[in-house]
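> The following file, start.txt, comprises compact mmCIF, C-alpha atoms and all ligand atoms:
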```txt
# COMPACT_ATOMS: atom_id res chain seq x y z
CA MET A 1 0.00 0.00 0.00
CA ASN A 2 1.26 3.48 -0.70
CA LYS A 3 2.55 4.60 2.69
CA LYS A 4 2.24 8.33 3.30
CA ASN A 5 5.46 10.16 4.17
CA TYR A 6 4.70 12.50 7.04
CA ARG A 7 6.18 15.90 7.88
CA LEU A 8 6.80 15.91 11.61
CA LEU A 9 7.77 18.71 13.99
CA PHE A 10 9.69 17.43 17.05
CA LEU A 11 9.73 19.75 20.09
CA SER A 12 12.60 18.94 22.44
CA THR A 13 12.80 19.27 26.23
CA PRO A 14 13.04 22.91 27.39
CA VAL A 15 15.32 22.12 30.34
CA GLY A 16 18.47 22.50 28.31
CA ALA A 17 20.08 22.46 24.88
CA LEU A 18 19.83 19.20 22.93
CA GLY A 19 23.25 17.53 23.21
CA SER A 20 24.12 19.10 26.57
CA GLY A 21 23.05 16.06 28.59
CA ILE A 22 20.80 18.19 30.81
CA GLY A 23 17.80 16.53 29.17
CA GLY A 24 19.16 13.11 30.12
CA GLY A 25 17.55 10.14 28.42
CA VAL A 26 14.97 12.15 26.52
CA GLU A 27 17.71 13.59 24.30
CA LEU A 28 18.61 10.09 23.09
CA THR A 29 14.92 9.24 22.75
CA LEU A 30 14.31 12.25 20.51
CA GLN A 31 17.39 11.67 18.34
CA ASN A 32 16.62 7.97 17.90
CA ALA A 33 12.95 8.61 17.14
CA ALA A 34 14.04 11.05 14.44
CA LYS A 35 16.52 8.53 12.99
CA ALA A 36 13.96 5.73 13.05
CA LEU A 37 11.31 7.78 11.23
CA ILE A 38 13.68 9.40 8.70
CA ALA A 39 14.84 5.87 7.81
CA LYS A 40 11.20 5.15 6.95
CA GLY A 41 10.96 8.15 4.62
CA HIS A 42 9.39 10.79 6.90
CA GLU A 43 10.61 14.40 7.08
CA ILE A 44 11.52 15.88 10.46
CA GLU A 45 12.32 19.30 11.88
CA ILE A 46 13.55 19.54 15.47
CA VAL A 47 12.80 22.61 17.61
CA ALA A 48 15.10 23.00 20.62
CA PRO A 49 16.65 25.63 22.90
CA GLU A 50 19.54 27.81 21.63
CA GLY A 51 22.89 26.01 21.72
CA SER A 52 21.36 22.67 20.70
CA ILE A 53 23.17 20.38 18.29
CA THR A 54 21.96 17.44 16.25
CA LYS A 55 23.15 15.57 13.17
CA VAL A 56 19.93 13.72 12.48
CA ALA A 57 17.50 16.36 11.19
CA LYS A 58 16.88 20.04 10.42
CA LEU A 59 17.19 22.04 13.65
CA THR A 60 15.44 25.30 14.62
CA GLN A 61 16.97 26.86 17.73
CA ILE A 62 14.80 28.99 20.01
CA ALA A 63 15.97 31.62 22.50
CA GLY A 64 14.59 32.00 26.01
CA ASN A 65 15.10 30.96 29.60
CA VAL A 66 15.25 27.22 30.25
CA GLN A 67 12.55 25.45 32.22
CA ILE A 68 12.95 24.39 35.86
CA PRO A 69 13.61 20.60 35.95
CA ALA A 70 10.38 18.90 37.06
CA GLN A 71 12.25 16.43 39.30
CA THR A 72 13.24 19.37 41.52
CA LYS A 73 9.55 20.23 41.94
CA VAL A 74 8.20 16.85 43.06
CA GLY A 75 4.78 17.05 44.68
CA ILE A 76 4.29 20.69 43.75
CA ASP A 77 0.76 21.50 42.60
CA MET A 78 1.47 24.61 40.57
CA VAL A 79 3.13 25.38 37.23
CA MET A 80 6.21 27.60 37.23
CA MET A 81 7.63 29.26 34.13
CA PRO A 82 10.53 31.70 33.92
CA GLN A 83 10.03 35.08 32.27
CA ASP A 84 10.70 34.88 28.49
CA SER A 85 10.54 31.09 28.76
CA VAL A 86 12.07 28.99 25.98
CA LEU A 87 9.08 26.65 26.38
CA GLU A 88 6.67 29.51 25.62
CA ASN A 89 8.80 30.60 22.64
CA MET A 90 9.11 27.05 21.25
CA TRP A 91 5.33 26.69 21.26
CA SER A 92 4.82 30.12 19.69
CA TYR A 93 7.04 28.89 16.86
CA ALA A 94 5.02 25.67 16.72
CA ARG A 95 1.75 27.60 16.48
CA GLU A 96 3.07 29.75 13.59
CA SER A 97 4.53 26.81 11.64
CA GLN A 98 2.10 23.97 12.45
CA HIS A 99 0.48 23.96 8.98
CA GLN A 100 3.73 22.83 7.35
CA PHE A 101 3.43 19.57 9.32
CA ASP A 102 1.11 16.59 9.64
CA LEU A 103 1.82 16.10 13.34
CA LEU A 104 3.75 17.67 16.23
CA PHE A 105 5.72 15.40 18.60
CA ASN A 106 6.33 16.88 22.06
CA PHE A 107 9.17 15.65 24.30
CA ALA A 108 8.74 18.15 27.13
CA TYR A 109 7.66 16.88 30.52
CA ASP A 110 5.68 20.08 31.09
CA TRP A 111 2.16 21.34 31.60
CA LEU A 112 2.03 23.87 28.73
CA PRO A 113 2.32 21.59 25.66
CA LEU A 114 -0.37 19.29 27.05
CA TYR A 115 -2.67 22.25 27.77
CA LEU A 116 -2.15 23.60 24.23
CA THR A 117 -3.23 20.37 22.48
CA PRO A 118 -6.85 21.47 21.75
CA PHE A 119 -5.70 24.92 20.58
CA PHE A 120 -3.74 23.51 17.62
CA ASP A 121 -5.07 22.55 14.18
CA ARG A 122 -2.60 19.69 13.93
CA PRO A 123 -2.49 16.58 16.16
CA ILE A 124 0.09 16.66 18.93
CA ALA A 125 1.70 13.43 20.16
CA HIS A 126 3.21 13.67 23.65
CA TRP A 127 6.13 11.60 24.96
CA ILE A 128 5.99 11.54 28.79
CA SER A 129 9.59 10.70 29.66
CA MET A 130 9.33 10.29 33.43
CA ALA A 131 6.95 8.71 35.90
CA SER A 132 4.44 10.79 37.86
CA LEU A 133 6.17 13.61 39.75
CA SER A 134 3.58 16.28 40.55
CA PRO A 135 -0.21 16.51 40.94
CA VAL A 136 -0.45 19.49 38.56
CA MET A 137 1.26 17.53 35.76
CA ASP A 138 -0.72 14.34 36.50
CA ALA A 139 -3.99 16.26 36.29
CA MET A 140 -3.08 17.74 32.90
CA VAL A 141 -1.96 14.31 31.61
CA SER A 142 -5.37 12.93 32.60
CA LYS A 143 -7.34 15.84 31.11
CA THR A 144 -5.40 15.59 27.83
CA VAL A 145 -5.64 11.82 27.40
CA GLN A 146 -9.36 11.84 28.22
CA ARG A 147 -9.97 14.43 25.50
CA PHE A 148 -7.39 13.01 23.05
CA PRO A 149 -7.25 9.24 23.54
CA LYS A 150 -3.91 7.72 22.38
CA ALA A 151 -2.22 11.16 22.30
CA ILE A 152 0.17 10.38 25.16
CA ALA A 153 2.93 7.74 25.20
CA VAL A 154 5.29 6.46 27.87
CA ASN A 155 8.18 4.02 27.69
CA THR A 156 6.88 1.22 29.89
CA ARG A 157 3.77 -0.12 31.63
CA ALA A 158 5.48 0.54 34.99
CA CYS A 159 5.79 4.22 34.11
CA ALA A 160 2.16 4.40 32.87
CA ASP A 161 0.93 2.84 36.11
CA THR A 162 2.21 5.80 38.13
CA PHE A 163 -0.43 8.02 36.45
CA SER A 164 -4.13 7.86 37.42
CA ASP A 165 -5.16 7.31 33.76
CA GLY A 166 -2.26 4.94 33.15
CA GLU A 167 -4.40 2.46 31.22
CA ARG A 168 -5.10 5.14 28.58
CA LEU A 169 -1.41 5.82 27.89
CA MET A 170 0.35 4.23 24.90
CA ILE A 171 3.25 1.95 25.88
CA MET A 172 5.79 2.70 23.17
CA GLY A 173 9.03 1.13 24.46
CA LYS A 174 12.29 2.49 23.07
CA GLY A 175 14.77 1.90 20.29
CA ILE A 176 18.46 2.47 19.71
CA ASP A 177 20.63 2.36 16.61
CA VAL A 178 22.16 -1.06 17.38
CA ALA A 179 24.73 -0.62 14.62
CA GLN A 180 26.32 2.17 16.73
CA TYR A 181 27.18 -0.32 19.49
CA LYS A 182 30.01 -2.86 19.21
CA PHE A 183 29.47 -6.22 20.92
CA VAL A 184 32.31 -7.16 23.34
CA ALA A 185 32.33 -10.90 24.10
CA GLN A 186 34.93 -10.70 26.87
CA PRO A 187 36.22 -7.55 28.61
CA GLN A 188 39.97 -7.34 29.29
CA LYS A 189 39.50 -6.98 33.05
CA PRO A 190 36.63 -6.93 35.59
CA SER A 191 35.02 -3.53 36.18
CA LEU A 192 31.63 -1.93 36.83
CA ALA A 193 29.81 0.86 35.01
CA TRP A 194 27.21 3.45 35.97
CA VAL A 195 25.52 5.72 33.41
CA GLY A 196 23.18 8.67 34.03
CA ARG A 197 22.71 12.21 35.19
CA ILE A 198 24.62 12.53 38.47
CA SER A 199 21.70 13.63 40.62
CA PRO A 200 20.22 12.29 43.90
CA GLU A 201 17.26 10.52 42.28
CA LYS A 202 19.72 8.26 40.43
CA GLY A 203 21.23 6.69 43.58
CA LEU A 204 24.91 6.71 42.47
CA GLU A 205 26.04 6.37 46.11
CA ASP A 206 24.89 2.73 46.12
CA ALA A 207 27.04 1.91 43.09
CA ALA A 208 30.02 3.60 44.78
CA GLU A 209 29.44 1.54 47.92
CA ALA A 210 29.24 -1.69 45.87
CA ALA A 211 32.51 -0.75 44.15
CA GLN A 212 34.18 -0.05 47.50
CA VAL A 213 33.05 -3.38 48.98
CA THR A 214 33.90 -5.53 45.93
CA GLY A 215 37.13 -3.64 45.17
CA LEU A 216 36.09 -3.44 41.50
CA PRO A 217 36.74 -0.19 39.62
CA LEU A 218 33.57 1.82 38.85
CA HIS A 219 33.47 3.79 35.59
CA ILE A 220 30.91 6.61 35.77
CA PHE A 221 29.47 8.19 32.61
CA GLY A 222 27.12 11.18 32.61
CA LEU A 223 26.64 14.85 33.32
CA ILE A 224 27.42 16.01 36.87
CA GLN A 225 24.10 17.75 37.43
CA ASP A 226 24.42 18.10 41.23
CA HIS A 227 27.97 18.99 42.30
CA ASP A 228 27.34 18.82 46.06
CA TYR A 229 25.91 15.33 45.65
CA TRP A 230 28.98 14.30 43.59
CA GLN A 231 31.38 15.68 46.22
CA GLN A 232 29.47 13.89 48.98
CA ILE A 233 29.92 10.56 47.18
CA GLN A 234 33.71 11.02 46.95
CA ILE A 235 33.80 11.76 50.70
CA SER A 236 31.50 8.88 51.67
CA PHE A 237 33.40 6.18 49.75
CA PRO A 238 37.12 7.09 49.85
CA GLN A 239 38.24 3.49 49.20
CA ALA A 240 36.09 3.07 46.08
CA GLU A 241 38.13 3.11 42.84
CA ILE A 242 36.03 5.62 40.88
CA HIS A 243 36.81 6.75 37.32
CA TYR A 244 34.68 9.69 36.16
CA GLU A 245 34.55 9.36 32.36
CA GLY A 246 32.44 12.48 31.65
CA PHE A 247 29.37 12.98 29.49
CA LEU A 248 30.36 11.19 26.29
CA SER A 249 29.01 10.85 22.77
CA THR A 250 27.25 7.56 22.06
CA ASP A 251 30.29 6.26 20.19
CA ALA A 252 32.76 7.08 22.98
CA LEU A 253 30.34 5.76 25.63
CA GLN A 254 29.77 2.42 23.91
CA HIS A 255 33.52 1.97 23.37
CA LYS A 256 34.21 2.19 27.13
CA LEU A 257 30.96 0.66 28.35
CA GLY A 258 31.59 -2.53 26.35
CA GLN A 259 34.73 -3.20 28.42
CA CYS A 260 32.73 -3.40 31.67
CA SER A 261 31.57 -6.60 33.39
CA ALA A 262 28.19 -5.12 34.33
CA LEU A 263 26.18 -1.89 34.39
CA LEU A 264 24.76 -1.01 37.81
CA MET A 265 21.40 0.82 37.76
CA THR A 266 20.42 2.20 41.15
CA PRO A 267 17.40 4.48 40.66
CA ARG A 268 15.82 6.04 43.71
CA TRP A 269 12.70 6.85 41.75
CA VAL A 270 10.41 4.93 39.38
CA GLU A 271 12.82 4.77 36.44
CA ALA A 272 10.74 5.59 33.36
CA PHE A 273 12.87 3.41 31.12
CA GLY A 274 16.64 3.35 31.54
CA ASN A 275 18.20 3.98 28.11
CA ALA A 276 21.52 2.94 29.60
CA ALA A 277 20.21 -0.61 30.08
CA ILE A 278 19.61 -1.21 26.37
CA GLU A 279 22.84 0.57 25.45
CA ALA A 280 24.71 -1.77 27.79
CA PHE A 281 22.94 -4.85 26.40
CA ALA A 282 23.87 -3.76 22.87
CA CYS A 283 27.55 -3.92 23.94
CA GLY A 284 26.99 -7.32 25.60
CA VAL A 285 27.10 -5.84 29.11
CA PRO A 286 24.68 -7.42 31.61
CA VAL A 287 22.61 -5.07 33.81
CA ILE A 288 22.34 -5.34 37.59
CA SER A 289 19.45 -3.09 38.52
CA TYR A 290 17.09 -2.25 41.34
CA SER A 291 13.72 -3.72 40.56
CA SER A 292 12.30 -0.31 39.68
CA GLY A 293 9.88 0.94 37.10
CA GLY A 294 10.65 0.23 33.48
CA LEU A 295 13.76 -1.78 34.29
CA THR A 296 11.62 -4.69 35.49
CA GLU A 297 10.34 -4.96 31.91
CA ILE A 298 13.78 -4.72 30.32
CA VAL A 299 16.17 -6.83 32.44
CA ARG A 300 15.54 -10.60 32.21
CA HIS A 301 16.58 -11.82 35.69
CA GLY A 302 19.32 -14.46 35.42
CA LYS A 303 19.43 -14.14 31.62
CA THR A 304 20.57 -10.60 30.73
CA GLY A 305 21.33 -9.49 34.26
CA PHE A 306 19.78 -9.37 37.71
CA LEU A 307 16.89 -7.48 39.32
CA VAL A 308 17.67 -6.58 42.93
CA GLU A 309 15.44 -5.34 45.78
CA MET A 310 15.22 -1.52 45.72
CA GLY A 311 18.01 0.06 47.79
CA SER A 312 19.77 -3.22 48.61
CA VAL A 313 23.51 -2.72 48.14
CA ALA A 314 24.03 -6.24 49.49
CA GLY A 315 21.77 -7.41 46.65
CA LEU A 316 23.94 -5.57 44.11
CA ILE A 317 27.09 -7.18 45.56
CA ASN A 318 25.53 -10.65 45.53
CA ALA A 319 24.48 -10.21 41.88
CA ILE A 320 27.99 -9.07 40.95
CA SER A 321 29.31 -12.39 42.31
CA GLN A 322 26.96 -14.30 39.97
CA LEU A 323 27.85 -12.53 36.71
CA ALA A 324 29.64 -15.60 35.33
CA GLN A 325 26.25 -17.26 34.72
CA ILE A 326 25.22 -14.55 32.23
CA ASP A 327 25.94 -15.13 28.52
CA ARG A 328 26.83 -11.68 27.15
CA LEU A 329 25.58 -12.62 23.67
CA THR A 330 22.05 -13.04 25.09
CA CYS A 331 22.14 -9.36 26.09
CA ARG A 332 23.00 -8.29 22.55
CA GLN A 333 20.36 -10.57 21.05
CA GLN A 334 17.63 -9.11 23.27
CA VAL A 335 18.34 -5.59 21.95
CA GLU A 336 18.42 -6.75 18.32
CA ALA A 337 15.07 -8.48 18.75
CA GLU A 338 13.19 -5.95 20.87
CA TYR A 339 14.90 -2.52 20.83
CA SER A 340 16.10 -1.88 17.29
CA LEU A 341 15.29 1.35 15.45
CA GLU A 342 13.33 -0.64 12.86
CA VAL A 343 11.01 -2.23 15.45
CA TRP A 344 10.57 1.07 17.28
CA GLY A 345 10.15 3.06 14.06
CA ASP A 346 7.28 0.80 12.96
CA ARG A 347 5.56 1.31 16.30
CA LEU A 348 5.97 5.12 16.19
CA GLU A 349 4.77 5.26 12.61
CA ARG A 350 1.62 3.25 13.43
CA TRP A 351 0.95 5.53 16.40
CA PHE A 352 1.23 8.69 14.25
CA GLU A 353 -0.94 7.16 11.54
CA GLU A 354 -3.70 6.61 14.13
CA LEU A 355 -3.43 10.17 15.48
CA ILE A 356 -3.32 11.78 12.03
CA THR A 357 -6.23 9.79 10.57
CA ALA A 358 -8.33 10.20 13.75
CA HIS A 359 -7.72 13.98 13.87
CA PRO A 360 -10.87 15.96 12.92
N1 LIG B 401 11.74 18.97 33.59
N2 LIG B 401 10.26 20.77 33.42
C1 LIG B 401 10.91 19.73 32.83
N3 LIG B 401 10.72 19.47 31.52
C2 LIG B 401 11.34 18.44 30.89
O1 LIG B 401 11.16 18.23 29.69
C3 LIG B 401 12.24 17.63 31.65
C4 LIG B 401 12.41 17.93 33.01
N4 LIG B 401 13.25 17.19 33.76
C5 LIG B 401 14.04 16.09 33.23
C6 LIG B 401 13.79 15.86 31.80
N5 LIG B 401 12.92 16.57 31.08
C7 LIG B 401 14.55 14.76 31.14
O2 LIG B 401 15.84 14.69 31.70
C8 LIG B 401 13.84 13.45 31.37
O3 LIG B 401 12.69 13.55 30.64
C9 LIG B 401 14.64 12.29 30.88
```
Taking this structure as input, can you express it in the form of structure tokens?

Amino acid sequence: MNKKNYRLLFLSTPVGALGSGIGGGVELTLQNAAKALIAKGHEIEIVAPEGSITKVAKLTQIAGNVQIPAQTKVGIDMVMMPQDSVLENMWSYARESQHQFDLLFNFAYDWLPLYLTPFFDRPIAHWISMASLSPVMDAMVSKTVQRFPKAIAVNTRACADTFSDGERLMIMGKGIDVAQYKFVAQPQKPSLAWVGRISPEKGLEDAAEAAQVTGLPLHIFGLIQDHDYWQQIQISFPQAEIHYEGFLSTDALQHKLGQCSALLMTPRWVEAFGNAAIEAFACGVPVISYSSGGLTEIVRHGKTGFLVEMGSVAGLINAISQLAQIDRLTCRQQVEAEYSLEVWGDRLERWFEELITAHP
């Protein structure tokens, strides 16, 4: 059948420039969604704050003050926007240019884009990239999905279940460009990895403690978002052999990550997905993770890694001692089967087709 090629406007997170790492996993989500859909013949323009970089599609940069990160406003029941907000300016641009597109795809975890859905002539698809954090956001998610069924997607069922209308949200999973990741059958020496924004909700201190107790080196990849928290970890675990590797490009990350025996994932919150888990699997690296949120749907306990009781460092250490039973090739095979760009691209395309054809 003659498949329609869509023109899609992607609106990035307003918390920081695309490529800065401030947007954490949603930056990779946006870039991979663009790659997946361009590979299927669709045209994409990305709108993002000034200073953004991307190689995958046309980029329109918007000036304005960045948005306050929602995870610093947990439980708050009001919306806060800075003066001359980049979020406001991105959506003014979207309003002016919407008729050049078949659909808008929003990646902001913010109230405004959801509220604006009925004011636009074009359908808006929303990617909710974190679990429930605040009543004001939850309420707007519910209002929007009741009025526009299927308009809102999340990564995993676990993430959807944190919202009161969770059963109405689309579970869209995730995809990565597997070809960008090199499979490593056997690392040269034992070591641990941790990947993510260095911020309290990510629980890095537990990984540092596990490194100190096991004596294994811990390679840390990601943006230092909270410097006090980072300093505190160095002080708390002086014997841990910690190597801070920085916030790396995907290619540099996968090159170093592949040499690790396991990736530790220690979220203190309901992890929406855990991009790092599928990136590790793609390199053949098993994942030892707290049994939290989306990770319980990604890690196959005893096959591609281990799921450990939330907050149990002893559990992490016990799992590390059992790594020999994991076949690293199984990790790679799981990504190829379930998290490739092709599989994810098909799912996104079907979702957009439904929204575009259902739109009045
Ligand atoms: N906070 N207000 C706000 N808006 C976002 O888009 C946002 C955020 N905090 C974190 C974040 N996005 C991303 O790091 C996660 O979605 C992955």
> Neighbouring residues of ligand LIG 401 (chain B) are defined here as those with any atom at most 8 Å from a ligand atom, counting all atoms listed in the file; list them as a list in words.
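Result of the 8 Å neighbour search around ligand LIG 401 (chain B): Ser12, Thr13, Pro14, Val15, Gly21, Ile22, Gly23, Gly24, Gly25, Val26, Glu27, Gln67, Ile68, Pro69, Ala70, Gln71, Phe107, Ala108, Tyr109, Asp110, Ile128, Ser129 and Met130 of chain A.
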> Would you kindly return, as a PDB file with C-alpha atoms, in the frame of the given file, each protein, DNA or RNA residue with an atom no farther than 10 Å from any atom of Gln188 of chain A, considering only C-alpha atoms and excluding same-chain residues fewer than 4 positions away?

```
ATOM      1  CA  VAL A 184      32.310  -7.160  23.340  1.00  0.00           C
ATOM      2  CA  GLN A 259      34.730  -3.200  28.420  1.00  0.00           C
ATOM      3  CA  CYS A 260      32.730  -3.400  31.670  1.00  0.00           C
ATOM      4  CA  SER A 261      31.570  -6.600  33.390  1.00  0.00           C
TER       5      SER A 261
END
```
> Excluding segment 42-59 of chain A and any residue of its chain fewer than 6 positions from it, enumerate the residues within 9 Å of it, using only C-alpha atoms, and give them as a PDB file with C-alpha atoms, in the coordinates of the input.

```
ATOM      1  CA  LYS A   4       2.240   8.330   3.300  1.00  0.00           C
ATOM      2  CA  ASN A   5       5.460  10.160   4.170  1.00  0.00           C
ATOM      3  CA  TYR A   6       4.700  12.500   7.040  1.00  0.00           C
ATOM      4  CA  ARG A   7       6.180  15.900   7.880  1.00  0.00           C
ATOM      5  CA  LEU A   8       6.800  15.910  11.610  1.00  0.00           C
ATOM      6  CA  LEU A   9       7.770  18.710  13.990  1.00  0.00           C
ATOM      7  CA  PHE A  10       9.690  17.430  17.050  1.00  0.00           C
ATOM      8  CA  LEU A  11       9.730  19.750  20.090  1.00  0.00           C
ATOM      9  CA  SER A  12      12.600  18.940  22.440  1.00  0.00           C
ATOM     10  CA  THR A  13      12.800  19.270  26.230  1.00  0.00           C
ATOM     11  CA  PRO A  14      13.040  22.910  27.390  1.00  0.00           C
ATOM     12  CA  VAL A  15      15.320  22.120  30.340  1.00  0.00           C
ATOM     13  CA  GLY A  16      18.470  22.500  28.310  1.00  0.00           C
ATOM     14  CA  ALA A  17      20.080  22.460  24.880  1.00  0.00           C
ATOM     15  CA  LEU A  18      19.830  19.200  22.930  1.00  0.00           C
ATOM     16  CA  GLY A  19      23.250  17.530  23.210  1.00  0.00           C
ATOM     17  CA  SER A  20      24.120  19.100  26.570  1.00  0.00           C
ATOM     18  CA  LEU A  30      14.310  12.250  20.510  1.00  0.00           C
ATOM     19  CA  GLN A  31      17.390  11.670  18.340  1.00  0.00           C
ATOM     20  CA  ASN A  32      16.620   7.970  17.900  1.00  0.00           C
ATOM     21  CA  ALA A  34      14.040  11.050  14.440  1.00  0.00           C
ATOM     22  CA  LYS A  35      16.520   8.530  12.990  1.00  0.00           C
ATOM     23  CA  ASN A  65      15.100  30.960  29.600  1.00  0.00           C
ATOM     24  CA  VAL A  66      15.250  27.220  30.250  1.00  0.00           C
ATOM     25  CA  VAL A  86      12.070  28.990  25.980  1.00  0.00           C
ATOM     26  CA  LEU A  87       9.080  26.650  26.380  1.00  0.00           C
ATOM     27  CA  MET A  90       9.110  27.050  21.250  1.00  0.00           C
ATOM     28  CA  TYR A  93       7.040  28.890  16.860  1.00  0.00           C
ATOM     29  CA  ALA A  94       5.020  25.670  16.720  1.00  0.00           C
ATOM     30  CA  PHE A 101       3.430  19.570   9.320  1.00  0.00           C
TER      31      PHE A 101
END
```
> For each of A:His126, A:Lys40, A:His99, A:Arg332, take the minimum atom-to-atom distance to Thr304 of chain A, counting all atoms listed in the file, then give the residue where this is smallest.
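With all atoms listed in the file as the atom set, the closest residue is A:Arg332.
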> Taking into account only C-alpha atoms, which residue in the set A:Phe221, A:Phe183, A:Trp344, A:Trp351 is nearest to Leu248 of chain A?
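Smallest separation from Leu248 of chain A among the options: A:Phe221.
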> For Val335 of chain A, list every protein, DNA or RNA residue within 8 Å, evaluated using only C-alpha atoms, and leave out those in the same chain fewer than 4 positions away; present the list as a list in words.
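What passes the distance filter is Val178, Ile278, Phe281, Ala282, Cys331, Tyr339 and Ser340 of chain A.
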> Please list, as an NGL selection string, the residues that have an atom at most 8 Å away from (20.0, -3.0, 13.2) in the coordinates of this file, counting only C-alpha atoms.
:A and (177-179 or 336 or 340-342)
> For atom CA of Ser85 of chain A and atom CA of Val154 of chain A, quote the distance in Å rounded to one decimal.
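These two atoms are separated by 25.2 Å.
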> Nearest to Ala276 of chain A among A:Leu114, A:Val195, A:Ala324, A:Met137, with distances taken over only C-alpha atoms: which residue is it?
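That would be A:Val195, the residue with the smallest distance to Ala276 of chain A.
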> At a cut-off of 6 Å, using all atoms listed in the file, what residues contact segment 222-226 of chain A? Leave out same-chain residues fewer than 5 positions from it and give the result as a count of residues only.
7
> I'd like the interatomic distance between atom CA of Gly293 of chain A and atom CA of Cys159 of chain A, to a tenth of an Å.
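Distance between the two atoms: 6.0 Å.
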> Separation of atom CA of Ser92 of chain A and atom CA of Met80 of chain A, in Å?
17.8 Å
> Using only C-alpha atoms, which protein or nucleic acid residues come within 8 Å of Leu257 of chain A? Drop anything in the same chain fewer than 5 positions from it, and give the result as a PDB file with C-alpha atoms, in the frame of the given file.

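Done, and the output landed in selection_9.pdb:
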```pdb
ATOM      1  CA  ALA A 193      29.810   0.860  35.010  1.00  0.00           C
ATOM      2  CA  ALA A 280      24.710  -1.770  27.790  1.00  0.00           C
ATOM      3  CA  CYS A 283      27.550  -3.920  23.940  1.00  0.00           C
ATOM      4  CA  VAL A 285      27.100  -5.840  29.110  1.00  0.00           C
TER       5      VAL A 285
END
```
> Counting only C-alpha atoms, find residues at most 7 Å from (-1.8, 17.8, 12.7) (file frame) and give them as a list of chain:residue names.
A:Phe101, A:Asp102, A:Leu103, A:Leu104, A:Asp121, A:Arg122, A:Pro123, A:Ile124, A:Ile356
> Ranking A:Gly284, A:Pro238, A:Gly345, A:Gly294 by minimum distance to Arg328 of chain A and counting all atoms listed in the file, which one comes first?
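That would be A:Gly284, the residue with the smallest distance to Arg328 of chain A.
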> Given all atoms listed in the file as the basis, pick out the residue of A:Leu323, A:Ile288, A:Leu295, A:Ala63 nearest to Val308 of chain A.
A:Ile288
> So, with all atoms listed in the file as the atoms that count, which of A:Lys150, A:Arg350, A:Lys303, A:Lys143 lies closest to Ser164 of chain A?
A:Lys143
> Please tabulate, as JSON lines, the residues of segment 158-249 of chain A that come within 12 Å of segment 144-149 of chain A, each with its closest pair of atoms and the distance in Å to one decimal, counting only C-alpha atoms and ordering rows by chain, then residue number upward.

```
{"residue": "A:Phe163", "atom": "CA", "partner": "A:Val145", "partner_atom": "CA", "distance": 11.1}
{"residue": "A:Ser164", "atom": "CA", "partner": "A:Val145", "partner_atom": "CA", "distance": 10.9}
{"residue": "A:Asp165", "atom": "CA", "partner": "A:Val145", "partner_atom": "CA", "distance": 7.8}
{"residue": "A:Gly166", "atom": "CA", "partner": "A:Val145", "partner_atom": "CA", "distance": 9.6}
{"residue": "A:Glu167", "atom": "CA", "partner": "A:Val145", "partner_atom": "CA", "distance": 10.2}
{"residue": "A:Arg168", "atom": "CA", "partner": "A:Val145", "partner_atom": "CA", "distance": 6.8}
{"residue": "A:Leu169", "atom": "CA", "partner": "A:Val145", "partner_atom": "CA", "distance": 7.4}
{"residue": "A:Met170", "atom": "CA", "partner": "A:Pro149", "partner_atom": "CA", "distance": 9.2}
```
> Just the selected residues (C-alpha atoms), exported as an mmCIF file, in the frame of the given file, please.

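Just written: again.cif:
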```cif
data_model
loop_
_atom_site.group_PDB
_atom_site.id
_atom_site.type_symbol
_atom_site.label_atom_id
_atom_site.label_comp_id
_atom_site.auth_asym_id
_atom_site.auth_seq_id
_atom_site.Cartn_x
_atom_site.Cartn_y
_atom_site.Cartn_z
ATOM 1 C CA PHE A 163 -0.430 8.020 36.450
ATOM 2 C CA SER A 164 -4.130 7.860 37.420
ATOM 3 C CA ASP A 165 -5.160 7.310 33.760
ATOM 4 C CA GLY A 166 -2.260 4.940 33.150
ATOM 5 C CA GLU A 167 -4.400 2.460 31.220
ATOM 6 C CA ARG A 168 -5.100 5.140 28.580
ATOM 7 C CA LEU A 169 -1.410 5.820 27.890
ATOM 8 C CA MET A 170 0.350 4.230 24.900
#
```
